[in-house]
$ cat run.cif   # mmCIF, C-alpha atoms
data_run
#
loop_
_atom_site.label_atom_id
_atom_site.label_comp_id
_atom_site.auth_asym_id
_atom_site.auth_seq_id
_atom_site.Cartn_x
_atom_site.Cartn_y
_atom_site.Cartn_z
CA MET J 12 -0.92 16.11 209.88
CA ARG J 13 2.09 17.34 211.83
CA THR J 14 4.11 14.26 212.77
CA VAL J 15 6.81 13.51 215.32
CA PHE J 16 9.07 10.53 214.74
CA HIS J 17 9.83 9.26 218.21
CA HIS J 18 10.61 6.30 220.44
CA PRO J 19 9.35 6.06 224.03
CA ILE J 20 12.84 5.32 225.38
CA ALA J 21 14.16 8.56 223.84
CA PRO J 22 14.08 11.43 226.35
CA PHE J 23 14.63 14.01 223.62
CA ALA J 24 11.52 12.85 221.77
CA ARG J 25 9.61 13.24 225.04
CA LYS J 26 10.98 16.77 225.28
CA VAL J 27 9.56 17.70 221.87
CA ARG J 28 6.22 16.02 222.60
CA LEU J 29 5.91 18.07 225.80
CA ALA J 30 6.90 21.32 224.06
CA LEU J 31 4.31 20.77 221.30
CA ALA J 32 1.60 19.93 223.85
CA GLU J 33 2.42 22.98 226.01
CA LYS J 34 2.06 25.10 222.88
CA LYS J 35 -1.24 23.34 222.11
CA LEU J 36 0.01 22.20 218.73
CA GLU J 37 -1.55 18.93 217.60
CA PHE J 38 0.58 16.17 216.19
CA ALA J 39 0.62 12.49 215.34
CA LEU J 40 3.30 10.14 216.62
CA GLU J 41 5.24 7.80 214.39
CA LEU J 42 7.29 5.11 216.10
CA GLU J 43 10.87 4.98 214.83
CA LYS J 44 13.57 2.54 215.90
CA PRO J 45 16.66 4.63 215.21
CA TRP J 46 19.03 1.65 215.57
CA GLU J 47 17.47 0.08 212.47
CA ARG J 48 18.89 2.99 210.46
CA ARG J 49 15.96 2.96 208.05
CA GLU J 50 16.98 4.69 204.86
CA ALA J 51 13.86 6.86 204.54
CA PHE J 52 14.42 8.05 208.08
CA LEU J 53 18.08 8.89 207.47
CA MET J 54 16.87 11.11 204.62
CA LEU J 55 14.86 13.08 207.20
CA ASN J 56 17.72 13.23 209.68
CA PRO J 57 21.21 12.21 208.61
CA ALA J 58 22.16 12.03 212.29
CA GLY J 59 19.76 9.06 212.48
CA GLU J 60 18.22 10.22 215.75
CA VAL J 61 14.72 10.84 217.02
CA PRO J 62 12.91 13.18 217.32
CA VAL J 63 12.21 14.52 213.86
CA LEU J 64 9.29 16.87 213.25
CA VAL J 65 7.52 16.93 209.88
CA GLU J 66 5.12 19.82 209.39
CA ASP J 67 1.89 19.71 207.38
CA ASP J 68 3.60 21.44 204.47
CA GLY J 69 6.26 18.73 204.41
CA SER J 70 9.04 20.78 205.98
CA VAL J 71 11.36 18.69 208.12
CA ILE J 72 12.98 19.85 211.34
CA ALA J 73 15.53 17.50 212.86
CA ASP J 74 17.24 17.54 216.26
CA HIS J 75 15.43 18.19 219.54
CA ALA J 76 17.21 21.48 220.27
CA ALA J 77 16.59 22.81 216.77
CA ILE J 78 12.94 21.71 216.98
CA CYS J 79 12.35 23.43 220.33
CA GLU J 80 13.88 26.69 219.12
CA TYR J 81 11.94 26.34 215.84
CA LEU J 82 8.68 26.05 217.80
CA GLU J 83 9.51 29.35 219.51
CA ASP J 84 10.30 31.00 216.16
CA ALA J 85 7.29 29.59 214.32
CA TYR J 86 4.65 29.67 217.08
CA PRO J 87 5.58 32.54 219.38
CA THR J 88 2.16 33.10 220.98
CA THR J 89 2.85 30.80 223.93
CA THR J 90 6.52 31.19 224.82
CA LEU J 91 8.48 28.55 226.67
CA LEU J 92 11.62 30.70 226.84
CA GLY J 93 10.16 33.93 228.17
CA ARG J 94 10.40 37.39 226.63
CA GLU J 95 13.22 38.97 228.64
CA VAL J 96 16.76 38.42 227.36
CA ALA J 97 18.20 37.55 230.79
CA GLN J 98 15.34 35.19 231.55
CA ARG J 99 15.77 33.42 228.21
CA ALA J 100 19.46 32.94 228.97
CA GLU J 101 18.64 31.36 232.33
CA VAL J 102 16.06 29.03 230.75
CA ARG J 103 18.57 27.98 228.12
CA ARG J 104 21.34 27.46 230.69
CA LEU J 105 19.10 24.97 232.46
CA VAL J 106 17.95 23.37 229.22
CA SER J 107 21.63 22.66 228.50
CA TRP J 108 22.07 21.39 232.03
CA PHE J 109 19.47 18.67 231.48
CA ASP J 110 20.04 18.06 227.77
CA THR J 111 23.79 17.70 228.16
CA LYS J 112 24.98 17.32 231.72
CA PHE J 113 22.12 15.32 233.23
CA SER J 114 21.82 13.29 230.06
CA ARG J 115 25.53 12.38 230.02
CA GLU J 116 25.92 11.86 233.76
CA VAL J 117 22.67 9.99 234.41
CA THR J 118 20.36 9.09 231.51
CA ASP J 119 23.03 7.74 229.17
CA LEU J 120 24.38 5.59 231.97
CA LEU J 121 21.01 4.19 233.06
CA ALA J 122 18.58 4.29 230.14
CA GLY J 123 21.41 4.08 227.62
CA GLU J 124 22.86 0.96 229.19
CA LYS J 125 19.65 -0.75 230.25
CA LEU J 126 17.01 0.26 227.68
CA PHE J 127 18.83 1.26 224.53
CA LYS J 128 21.09 -1.80 224.57
CA ARG J 129 18.12 -4.08 225.25
CA PHE J 130 15.92 -2.67 222.50
CA SER J 131 18.64 -2.26 219.91
CA GLY J 132 20.33 -5.56 220.75
CA GLN J 133 23.65 -3.68 220.67
CA GLY J 134 25.97 -4.76 223.47
CA THR J 135 25.30 -5.75 227.04
CA PRO J 136 24.68 -3.37 229.96
CA HIS J 137 27.86 -2.17 231.63
CA ALA J 138 27.48 -2.62 235.39
CA GLN J 139 30.02 0.06 236.30
CA SER J 140 28.23 2.68 234.16
CA ILE J 141 24.90 1.79 235.73
CA ARG J 142 26.39 2.17 239.20
CA ALA J 143 27.79 5.59 238.23
CA GLY J 144 24.39 6.69 236.90
CA HIS J 145 22.68 5.66 240.15
CA ALA J 146 25.31 7.62 242.12
CA ASN J 147 25.16 10.73 239.93
CA ILE J 148 21.39 11.17 239.98
CA HIS J 149 21.41 12.29 243.64
CA TYR J 150 23.44 15.40 242.86
CA HIS J 151 21.00 16.38 240.11
CA LEU J 152 17.93 15.77 242.27
CA ASP J 153 19.55 17.91 244.95
CA TYR J 154 20.04 20.68 242.41
CA ILE J 155 16.37 20.46 241.38
CA GLY J 156 15.45 20.66 245.06
CA TRP J 157 17.73 23.65 245.59
CA LEU J 158 16.26 25.51 242.62
CA THR J 159 12.64 24.81 243.50
CA GLU J 160 13.11 25.94 247.08
CA ARG J 161 14.01 29.34 245.61
CA ARG J 162 11.80 29.51 242.53
CA ASN J 163 8.32 28.49 241.47
CA TRP J 164 9.65 26.59 238.46
CA LEU J 165 13.23 25.64 237.61
CA ALA J 166 14.15 28.82 235.77
CA GLY J 167 11.93 31.29 237.63
CA ASP J 168 8.28 32.26 238.03
CA HIS J 169 7.00 30.52 234.94
CA PHE J 170 6.94 27.00 233.59
CA SER J 171 9.51 26.91 230.79
CA MET J 172 11.57 24.81 228.42
CA ALA J 173 13.89 24.16 231.38
CA ASP J 174 11.11 22.23 233.12
CA ILE J 175 10.38 20.36 229.90
CA ALA J 176 14.05 19.41 229.47
CA ALA J 177 14.20 18.16 233.06
CA ALA J 178 10.89 16.29 232.86
CA ALA J 179 11.93 14.57 229.63
CA GLN J 180 14.97 13.02 231.30
CA LEU J 181 13.20 12.27 234.58
CA SER J 182 10.20 10.63 232.96
CA THR J 183 12.39 8.19 231.01
CA LEU J 184 14.19 7.21 234.21
CA ASP J 185 10.94 7.08 236.17
CA TYR J 186 9.57 4.58 233.64
CA MET J 187 12.46 2.35 234.68
CA GLY J 188 11.85 2.96 238.38
CA ASP J 189 15.32 4.51 238.58
CA VAL J 190 14.56 7.78 240.35
CA PRO J 191 15.13 7.59 244.14
CA TRP J 192 12.19 9.90 244.89
CA ASP J 193 11.98 9.05 248.57
CA ASP J 194 15.45 10.49 249.20
CA HIS J 195 14.54 13.78 247.50
CA PRO J 196 11.15 15.10 248.67
CA GLU J 197 11.57 18.57 247.07
CA ALA J 198 12.39 17.09 243.67
CA LYS J 199 9.49 14.67 244.10
CA ASN J 200 7.05 17.50 244.86
CA TYR J 201 8.33 19.40 241.87
CA TYR J 202 7.98 16.40 239.55
CA ALA J 203 4.44 15.74 240.84
CA ARG J 204 3.53 19.27 239.72
CA VAL J 205 5.05 18.71 236.27
CA LYS J 206 3.41 15.32 235.95
CA SER J 207 -0.06 16.70 236.62
CA ARG J 208 0.06 19.10 233.68
CA PRO J 209 -2.20 18.14 230.76
CA SER J 210 0.84 18.12 228.42
CA PHE J 211 2.29 15.25 230.41
CA ARG J 212 -0.68 12.92 230.19
CA PRO J 213 0.19 11.19 226.89
CA LEU J 214 3.64 10.30 228.27
CA LEU J 215 2.03 8.48 231.16
CA SER J 216 0.40 6.00 228.80
CA ASP J 217 3.68 5.23 227.00
CA HIS J 218 4.29 1.55 226.96
CA MET J 219 7.41 -0.26 225.85
CA PRO J 220 6.77 -3.82 224.67
CA GLY J 221 7.93 -6.42 227.16
CA LEU J 222 8.87 -3.73 229.67
CA PRO J 223 5.90 -2.47 231.69
CA PRO J 224 6.51 0.62 233.83
CA PRO J 225 6.36 0.40 237.64
CA SER J 226 2.90 0.98 239.10
CA HIS J 227 3.74 4.52 240.31
CA TYR J 228 4.74 5.68 236.81
CA ALA J 229 1.28 6.78 235.74
CA ASP J 230 0.15 7.67 239.27
CA LEU J 231 -0.12 11.41 239.93
CA ASP J 232 0.12 10.77 243.69
CA PHE J 233 3.20 8.57 243.55
CA MET R 24 34.83 45.11 230.17
CA ARG R 25 32.89 42.15 228.79
CA THR R 26 34.81 39.05 229.83
CA VAL R 27 34.86 35.43 228.67
CA PHE R 28 36.15 32.79 231.04
CA HIS R 29 37.78 30.24 228.80
CA HIS R 30 40.49 27.64 228.35
CA PRO R 31 42.26 27.10 225.02
CA ILE R 32 41.59 23.34 225.07
CA ALA R 33 37.84 23.97 225.39
CA PRO R 34 36.15 23.93 221.96
CA PHE R 35 32.98 25.49 223.36
CA ALA R 36 34.93 28.50 224.63
CA ARG R 37 36.37 28.84 221.13
CA LYS R 38 32.83 28.77 219.77
CA VAL R 39 31.80 31.73 221.95
CA ARG R 40 34.98 33.67 221.14
CA LEU R 41 34.26 33.24 217.41
CA ALA R 42 30.60 34.25 217.81
CA LEU R 43 31.54 37.41 219.72
CA ALA R 44 34.21 38.33 217.15
CA GLU R 45 31.84 37.74 214.21
CA LYS R 46 29.38 40.08 215.91
CA LYS R 47 32.19 42.59 216.44
CA LEU R 48 31.68 42.60 220.20
CA GLU R 49 34.85 43.30 222.14
CA PHE R 50 35.79 41.18 225.11
CA ALA R 51 38.63 40.28 227.43
CA LEU R 52 39.69 36.71 228.04
CA GLU R 53 40.13 35.23 231.49
CA LEU R 54 41.89 31.88 231.71
CA GLU R 55 39.98 29.36 233.82
CA LYS R 56 41.03 25.81 234.65
CA PRO R 57 37.64 24.20 235.19
CA TRP R 58 39.12 21.07 236.77
CA GLU R 59 40.34 23.18 239.71
CA ARG R 60 36.66 23.80 240.56
CA ARG R 61 37.43 27.27 241.89
CA GLU R 62 34.64 28.37 244.19
CA ALA R 63 34.22 31.85 242.72
CA PHE R 64 33.91 30.28 239.28
CA LEU R 65 31.31 27.75 240.44
CA MET R 66 29.26 30.72 241.62
CA LEU R 67 29.25 31.98 238.03
CA ASN R 68 28.43 28.57 236.58
CA PRO R 69 27.35 25.74 238.87
CA ALA R 70 28.05 23.32 236.00
CA GLY R 71 31.72 24.26 236.48
CA GLU R 72 32.36 24.56 232.74
CA VAL R 73 33.83 27.18 230.45
CA PRO R 74 32.79 29.34 228.70
CA VAL R 75 31.07 31.86 230.93
CA LEU R 76 30.31 35.36 229.68
CA VAL R 77 30.20 38.30 232.08
CA GLU R 78 28.75 41.49 230.64
CA ASP R 79 29.81 45.03 231.56
CA ASP R 80 26.79 45.41 233.81
CA GLY R 81 27.79 42.29 235.71
CA SER R 82 25.19 39.97 234.23
CA VAL R 83 26.42 36.42 233.90
CA ILE R 84 25.55 34.06 231.04
CA ALA R 85 26.74 30.48 231.42
CA ASP R 86 26.81 27.62 228.92
CA HIS R 87 27.98 27.96 225.32
CA ALA R 88 24.60 27.25 223.77
CA ALA R 89 22.82 29.71 226.07
CA ILE R 90 25.53 32.32 225.37
CA CYS R 91 25.27 31.97 221.59
CA GLU R 92 21.47 32.30 221.65
CA TYR R 93 21.80 35.19 224.10
CA LEU R 94 24.10 37.00 221.68
CA GLU R 95 21.40 36.69 219.01
CA ASP R 96 18.75 38.00 221.42
CA ALA R 97 20.84 40.86 222.80
CA TYR R 98 22.77 41.91 219.67
CA PRO R 99 20.54 41.09 216.72
CA THR R 100 22.11 43.49 214.18
CA THR R 101 24.49 40.89 212.80
CA THR R 102 22.69 37.56 212.83
CA LEU R 103 24.49 34.23 212.88
CA LEU R 104 21.27 32.23 212.67
CA GLY R 105 19.59 33.96 209.75
CA ARG R 106 16.16 35.59 209.67
CA GLU R 107 14.02 32.89 208.04
CA VAL R 108 12.49 30.28 210.33
CA ALA R 109 13.45 27.32 208.12
CA GLN R 110 16.99 28.60 207.68
CA ARG R 111 17.39 29.07 211.44
CA ALA R 112 16.25 25.48 211.98
CA GLU R 113 18.86 24.22 209.53
CA VAL R 114 21.61 26.29 211.19
CA ARG R 115 20.61 24.94 214.60
CA ARG R 116 20.42 21.34 213.34
CA LEU R 117 24.05 21.63 212.28
CA VAL R 118 25.07 23.44 215.45
CA SER R 119 23.73 20.43 217.36
CA TRP R 120 25.55 18.12 214.94
CA PHE R 121 28.90 19.63 215.89
CA ASP R 122 28.15 20.53 219.51
CA THR R 123 26.80 17.10 220.34
CA LYS R 124 27.50 14.44 217.74
CA PHE R 125 30.93 15.53 216.52
CA SER R 126 31.94 16.46 220.04
CA ARG R 127 30.93 13.07 221.46
CA GLU R 128 32.20 10.95 218.56
CA VAL R 129 35.46 12.78 217.92
CA THR R 130 36.53 15.65 220.18
CA ASP R 131 35.79 13.97 223.51
CA LEU R 132 37.71 10.90 222.35
CA LEU R 133 40.76 12.80 221.12
CA ALA R 134 41.05 16.14 222.95
CA GLY R 135 39.20 14.76 225.95
CA GLU R 136 41.56 11.81 226.32
CA LYS R 137 44.79 13.49 225.29
CA LEU R 138 44.51 17.14 226.37
CA PHE R 139 41.96 17.28 229.15
CA LYS R 140 43.45 14.34 231.02
CA ARG R 141 46.95 15.78 230.59
CA PHE R 142 46.07 19.28 231.80
CA SER R 143 43.75 18.23 234.58
CA GLY R 144 45.93 15.36 235.73
CA GLN R 145 42.77 13.22 235.89
CA GLY R 146 43.34 9.73 234.54
CA THR R 147 45.45 8.41 231.70
CA PRO R 148 44.54 8.50 228.01
CA HIS R 149 42.49 5.51 226.90
CA ALA R 150 44.05 4.08 223.74
CA GLN R 151 40.85 2.46 222.48
CA SER R 152 38.92 5.75 222.75
CA ILE R 153 41.66 7.58 220.86
CA ARG R 154 41.56 4.98 218.09
CA ALA R 155 37.78 5.36 217.86
CA GLY R 156 38.11 9.17 217.64
CA HIS R 157 40.63 8.86 214.80
CA ALA R 158 38.28 6.47 212.98
CA ASN R 159 35.14 8.59 213.50
CA ILE R 160 36.58 11.88 212.26
CA HIS R 161 36.60 10.67 208.63
CA TYR R 162 32.83 10.33 208.53
CA HIS R 163 32.42 13.88 209.83
CA LEU R 164 34.95 15.36 207.41
CA ASP R 165 33.11 13.55 204.59
CA TYR R 166 29.87 15.16 205.76
CA ILE R 167 31.51 18.61 205.75
CA GLY R 168 32.76 17.88 202.23
CA TRP R 169 29.31 16.73 201.12
CA LEU R 170 27.64 19.86 202.50
CA THR R 171 30.18 22.30 201.08
CA GLU R 172 29.95 20.76 197.61
CA ARG R 173 26.29 21.78 197.66
CA ARG R 174 26.38 25.00 199.66
CA ASN R 175 28.57 28.03 200.08
CA TRP R 176 28.74 27.54 203.87
CA LEU R 177 27.63 24.59 205.97
CA ALA R 178 24.03 25.67 206.45
CA GLY R 179 23.50 27.59 203.20
CA ASP R 180 24.50 30.78 201.45
CA HIS R 181 25.73 32.60 204.52
CA PHE R 182 28.38 32.05 207.16
CA SER R 183 26.50 31.06 210.31
CA MET R 184 26.65 29.63 213.80
CA ALA R 185 26.90 26.20 212.14
CA ASP R 186 30.30 27.16 210.72
CA ILE R 187 31.34 28.51 214.11
CA ALA R 188 30.30 25.29 215.86
CA ALA R 189 32.24 23.22 213.34
CA ALA R 190 35.32 25.45 213.42
CA ALA R 191 35.41 25.39 217.21
CA GLN R 192 35.72 21.60 217.24
CA LEU R 193 38.06 21.43 214.26
CA SER R 194 40.43 24.09 215.57
CA THR R 195 40.92 22.28 218.87
CA LEU R 196 41.74 19.06 217.02
CA ASP R 197 43.92 20.91 214.51
CA TYR R 198 45.97 22.32 217.38
CA MET R 199 46.77 18.69 218.22
CA GLY R 200 47.55 17.83 214.60
CA ASP R 201 44.66 15.34 214.69
CA VAL R 202 42.74 16.33 211.56
CA PRO R 203 43.65 14.18 208.52
CA TRP R 204 43.28 17.09 206.11
CA ASP R 205 45.08 15.41 203.21
CA ASP R 206 42.40 12.72 202.99
CA HIS R 207 39.62 15.30 202.82
CA PRO R 208 40.41 18.09 200.35
CA GLU R 209 36.88 19.59 200.37
CA ALA R 210 36.82 19.84 204.14
CA LYS R 211 40.33 21.29 204.02
CA ASN R 212 39.32 23.97 201.51
CA TYR R 213 36.32 24.80 203.63
CA TYR R 214 38.39 25.08 206.80
CA ALA R 215 40.94 27.29 205.02
CA ARG R 216 38.11 29.72 204.24
CA VAL R 217 36.93 29.72 207.87
CA LYS R 218 40.46 30.09 209.15
CA SER R 219 41.13 33.18 207.05
CA ARG R 220 38.27 35.14 208.60
CA PRO R 221 39.35 37.95 210.93
CA SER R 222 37.31 36.41 213.78
CA PHE R 223 39.57 33.39 213.66
CA ARG R 224 42.88 35.21 214.07
CA PRO R 225 43.02 35.27 217.88
CA LEU R 226 42.52 31.50 218.00
CA LEU R 227 45.59 31.01 215.84
CA SER R 228 47.80 32.54 218.50
CA ASP R 229 46.42 30.31 221.26
CA HIS R 230 49.23 28.58 223.02
CA MET R 231 48.97 25.81 225.59
CA PRO R 232 51.94 25.67 227.97
CA GLY R 233 54.24 22.75 227.23
CA LEU R 234 52.24 21.79 224.16
CA PRO R 235 53.12 23.86 221.09
CA PRO R 236 50.80 23.47 218.09
CA PRO R 237 52.07 21.89 214.85
CA SER R 238 53.61 24.37 212.40
CA HIS R 239 50.56 24.33 210.07
CA TYR R 240 48.19 25.38 212.89
CA ALA R 241 48.60 29.13 212.39
CA ASP R 242 49.31 28.85 208.67
CA LEU R 243 46.48 30.05 206.45
CA ASP R 244 47.91 28.02 203.52
CA PHE R 245 48.25 24.76 205.40
#

$ encode --input "run.cif" --output "structure tokens"
Amino acid sequence: MRTVFHHPIAPFARKVRLALAEKKLEFALELEKPWERREAFLMLNPAGEVPVLVEDDGSVIADHAAICEYLEDAYPTTTLLGREVAQRAEVRRLVSWFDTKFSREVTDLLAGEKLFKRFSGQGTPHAQSIRAGHANIHYHLDYIGWLTERRNWLAGDHFSMADIAAAAQLSTLDYMGDVPWDDHPEAKNYYARVKSRPSFRPLLSDHMPGLPPPSHYADLDF
Amino acid sequence: MRTVFHHPIAPFARKVRLALAEKKLEFALELEKPWERREAFLMLNPAGEVPVLVEDDGSVIADHAAICEYLEDAYPTTTLLGREVAQRAEVRRLVSWFDTKFSREVTDLLAGEKLFKRFSGQGTPHAQSIRAGHANIHYHLDYIGWLTERRNWLAGDHFSMADIAAAAQLSTLDYMGDVPWDDHPEAKNYYARVKSRPSFRPLLSDHMPGLPPPSHYADLDF
């Protein structure tokens, strides 16, 4: 069966799980602890990172961005990029926003410091980075609010890979109780809509050993 | 005329310049200093980063990854991703390798600390980061050597976006004299082949004020 190597603390594995579910492609999950640098896993992805997708025929696709574009190439019936060239460019601009900018300015500083270091046993959380992550998230939630006041979904009329990229980052942080929803009602309304999609349901039952999520994590009316 | 907002220290602007030239699409360059956060530029790209592409009809495409995929969508005659699904996934895996992993582990630590901080006047270079960048580059040059012993170009038989992504990072570092070519003859041979392509020529005459490149930078037999 199609398999995704993942870890629940990895936002980019969440991104691929959401993309597969939105495309109604079934898959099994295989838990991988990338920091263990398991040799058989490094053969699948020399970068040593989750997610990795292994198809039924044994073909291996590594890297979240490559996997998401691959899913569009291989299973074009349901598109998460749109069909119009300009629309696809806008979706991808926002995918990069969340994959790169949000990830570097927020997720790396919060989940990276608090979760990754805890699970991998590598280093101790850096208080200054965590403070910066908490400060930076407001700007990004404002941007989500700004976009969704003007558009139905982040990139336009339709739910797209941009929403998936955003939700992947947000859901990791929400598991930690690190999203100041009450200060950002538009972003909160938007996220409630994303969270209620069937594709999102499996993420809501994610559970990291020794680190239960806050009670609102799985609540659709949070 | 089609215009690219760029800065010569920005590897991702180099990536887009190479992609356009490989596709034989003419363009003008507009120098942008992203750290000045010019309001008219932020209207083009709220992320405040180069490159930004403005087409003849006024349409704006922001973000290097979105631009490169847009060029494939809009000008498919010459492909830099390939036509086969599996091949495209391999190209994109390596694009992510250089755009994300190499960039974070090497370019950010060397060009980011030494060039960006100098030009933007923001902060002073962090010696420990620079040492880490110098240490990390060997692993990446080994990987380039490993790939090119097995393949004609990084992702397979054909020159692709993977080579462009790699060359964009390498050329920025080479401008600073920060690539230890003599320790990595396979990577050096590979880069000599990339460097001799017509698309590369304009990059070789890049000049940053007050910071001339080393003599080998523009030399095809370096």

$ resolve_selection --input "run.cif" --expression "the PyMOL selection byres ((chain J) within 7 of (chain R))" --output "ChimeraX atom specification"
/J:72-74,77,81,84-85,96,100,103-104

$ residues_around --input "run.cif" --residues "Phe233 in chain J" --least-positions-apart "4" --cutoff "9 Å" --atoms "only C-alpha atoms" --output "CSV table (one decimal) with C-alpha atoms, in the frame of the given file"
chain,number,residue,atom,x,y,z
J,199,LYS,CA,9.5,14.7,244.1
J,203,ALA,CA,4.4,15.7,240.8
J,226,SER,CA,2.9,1.0,239.1
J,227,HIS,CA,3.7,4.5,240.3
J,228,TYR,CA,4.7,5.7,236.8
J,229,ALA,CA,1.3,6.8,235.7

$ resolve_selection --input "run.cif" --expression "the PyMOL selection byres ((chain R and resi 194-203) around 10)" --output "PDB file with C-alpha atoms, in the coordinates of the input"
ATOM      1  CA  PRO R  31      42.260  27.100 225.020  1.00  0.00           C
ATOM      2  CA  ILE R  32      41.590  23.340 225.070  1.00  0.00           C
ATOM      3  CA  ALA R  33      37.840  23.970 225.390  1.00  0.00           C
ATOM      4  CA  PRO R  34      36.150  23.930 221.960  1.00  0.00           C
ATOM      5  CA  PHE R  35      32.980  25.490 223.360  1.00  0.00           C
ATOM      6  CA  ARG R  37      36.370  28.840 221.130  1.00  0.00           C
ATOM      7  CA  LYS R  38      32.830  28.770 219.770  1.00  0.00           C
ATOM      8  CA  VAL R 129      35.460  12.780 217.920  1.00  0.00           C
ATOM      9  CA  THR R 130      36.530  15.650 220.180  1.00  0.00           C
ATOM     10  CA  LEU R 133      40.760  12.800 221.120  1.00  0.00           C
ATOM     11  CA  ALA R 134      41.050  16.140 222.950  1.00  0.00           C
ATOM     12  CA  LYS R 137      44.790  13.490 225.290  1.00  0.00           C
ATOM     13  CA  LEU R 138      44.510  17.140 226.370  1.00  0.00           C
ATOM     14  CA  GLY R 156      38.110   9.170 217.640  1.00  0.00           C
ATOM     15  CA  HIS R 157      40.630   8.860 214.800  1.00  0.00           C
ATOM     16  CA  ILE R 160      36.580  11.880 212.260  1.00  0.00           C
ATOM     17  CA  HIS R 161      36.600  10.670 208.630  1.00  0.00           C
ATOM     18  CA  LEU R 164      34.950  15.360 207.410  1.00  0.00           C
ATOM     19  CA  ALA R 189      32.240  23.220 213.340  1.00  0.00           C
ATOM     20  CA  ALA R 190      35.320  25.450 213.420  1.00  0.00           C
ATOM     21  CA  ALA R 191      35.410  25.390 217.210  1.00  0.00           C
ATOM     22  CA  GLN R 192      35.720  21.600 217.240  1.00  0.00           C
ATOM     23  CA  LEU R 193      38.060  21.430 214.260  1.00  0.00           C
ATOM     24  CA  TRP R 204      43.280  17.090 206.110  1.00  0.00           C
ATOM     25  CA  ASP R 205      45.080  15.410 203.210  1.00  0.00           C
ATOM     26  CA  ASP R 206      42.400  12.720 202.990  1.00  0.00           C
ATOM     27  CA  HIS R 207      39.620  15.300 202.820  1.00  0.00           C
ATOM     28  CA  PRO R 208      40.410  18.090 200.350  1.00  0.00           C
ATOM     29  CA  ALA R 210      36.820  19.840 204.140  1.00  0.00           C
ATOM     30  CA  LYS R 211      40.330  21.290 204.020  1.00  0.00           C
ATOM     31  CA  TYR R 214      38.390  25.080 206.800  1.00  0.00           C
ATOM     32  CA  LYS R 218      40.460  30.090 209.150  1.00  0.00           C
ATOM     33  CA  PHE R 223      39.570  33.390 213.660  1.00  0.00           C
ATOM     34  CA  LEU R 226      42.520  31.500 218.000  1.00  0.00           C
ATOM     35  CA  LEU R 227      45.590  31.010 215.840  1.00  0.00           C
ATOM     36  CA  ASP R 229      46.420  30.310 221.260  1.00  0.00           C
ATOM     37  CA  HIS R 230      49.230  28.580 223.020  1.00  0.00           C
ATOM     38  CA  MET R 231      48.970  25.810 225.590  1.00  0.00           C
ATOM     39  CA  LEU R 234      52.240  21.790 224.160  1.00  0.00           C
ATOM     40  CA  PRO R 235      53.120  23.860 221.090  1.00  0.00           C
ATOM     41  CA  PRO R 236      50.800  23.470 218.090  1.00  0.00           C
ATOM     42  CA  PRO R 237      52.070  21.890 214.850  1.00  0.00           C
ATOM     43  CA  SER R 238      53.610  24.370 212.400  1.00  0.00           C
ATOM     44  CA  HIS R 239      50.560  24.330 210.070  1.00  0.00           C
ATOM     45  CA  TYR R 240      48.190  25.380 212.890  1.00  0.00           C
ATOM     46  CA  ALA R 241      48.600  29.130 212.390  1.00  0.00           C
TER      47      ALA R 241
END

$ atom_distance --input "run.cif" --atom1 "CA of Thr135 in chain J" --atom2 "CA of Leu120 in chain J"
12.4 Å

$ residues_around --input "run.cif" --residues "range 45-60 of chain R" --least-positions-apart "4" --cutoff "9 Å" --atoms "only C-alpha atoms" --output "count of residues only"
33

$ closest_residue --input "run.cif" --among "J:Ala24, J:Met54, J:Asp119, J:Gly134" --to "Ile175 in chain J" --atoms "all atoms listed in the file"
J:Ala24

$ residues_around --input "run.cif" --residues "His181 in chain R" --least-positions-apart "5" --cutoff "10 Å" --atoms "only C-alpha atoms" --output "JSON, numbers by chain"
{"R": [103, 104, 105, 174, 175, 176, 186]}

$ decode --input "run.cif" --residues "range 180-193 of chain J" --atoms "C-alpha atoms" --output "tab-separated table (two decimals), in the first residue's frame"
chain	number	residue	atom	x	y	z
J	180	GLN	CA	2.29	24.79	10.08
J	181	LEU	CA	-0.64	26.00	12.16
J	182	SER	CA	-1.73	22.54	13.25
J	183	THR	CA	1.74	21.70	14.58
J	184	LEU	CA	1.77	24.92	16.60
J	185	ASP	CA	-1.83	24.43	17.70
J	186	TYR	CA	-0.89	21.02	19.11
J	187	MET	CA	1.50	22.90	21.37
J	188	GLY	CA	-1.11	25.51	22.29
J	189	ASP	CA	1.13	28.15	20.71
J	190	VAL	CA	-1.33	29.94	18.43
J	191	PRO	CA	-2.83	33.09	20.04
J	192	TRP	CA	-6.22	32.54	18.41
J	193	ASP	CA	-8.10	34.97	20.63
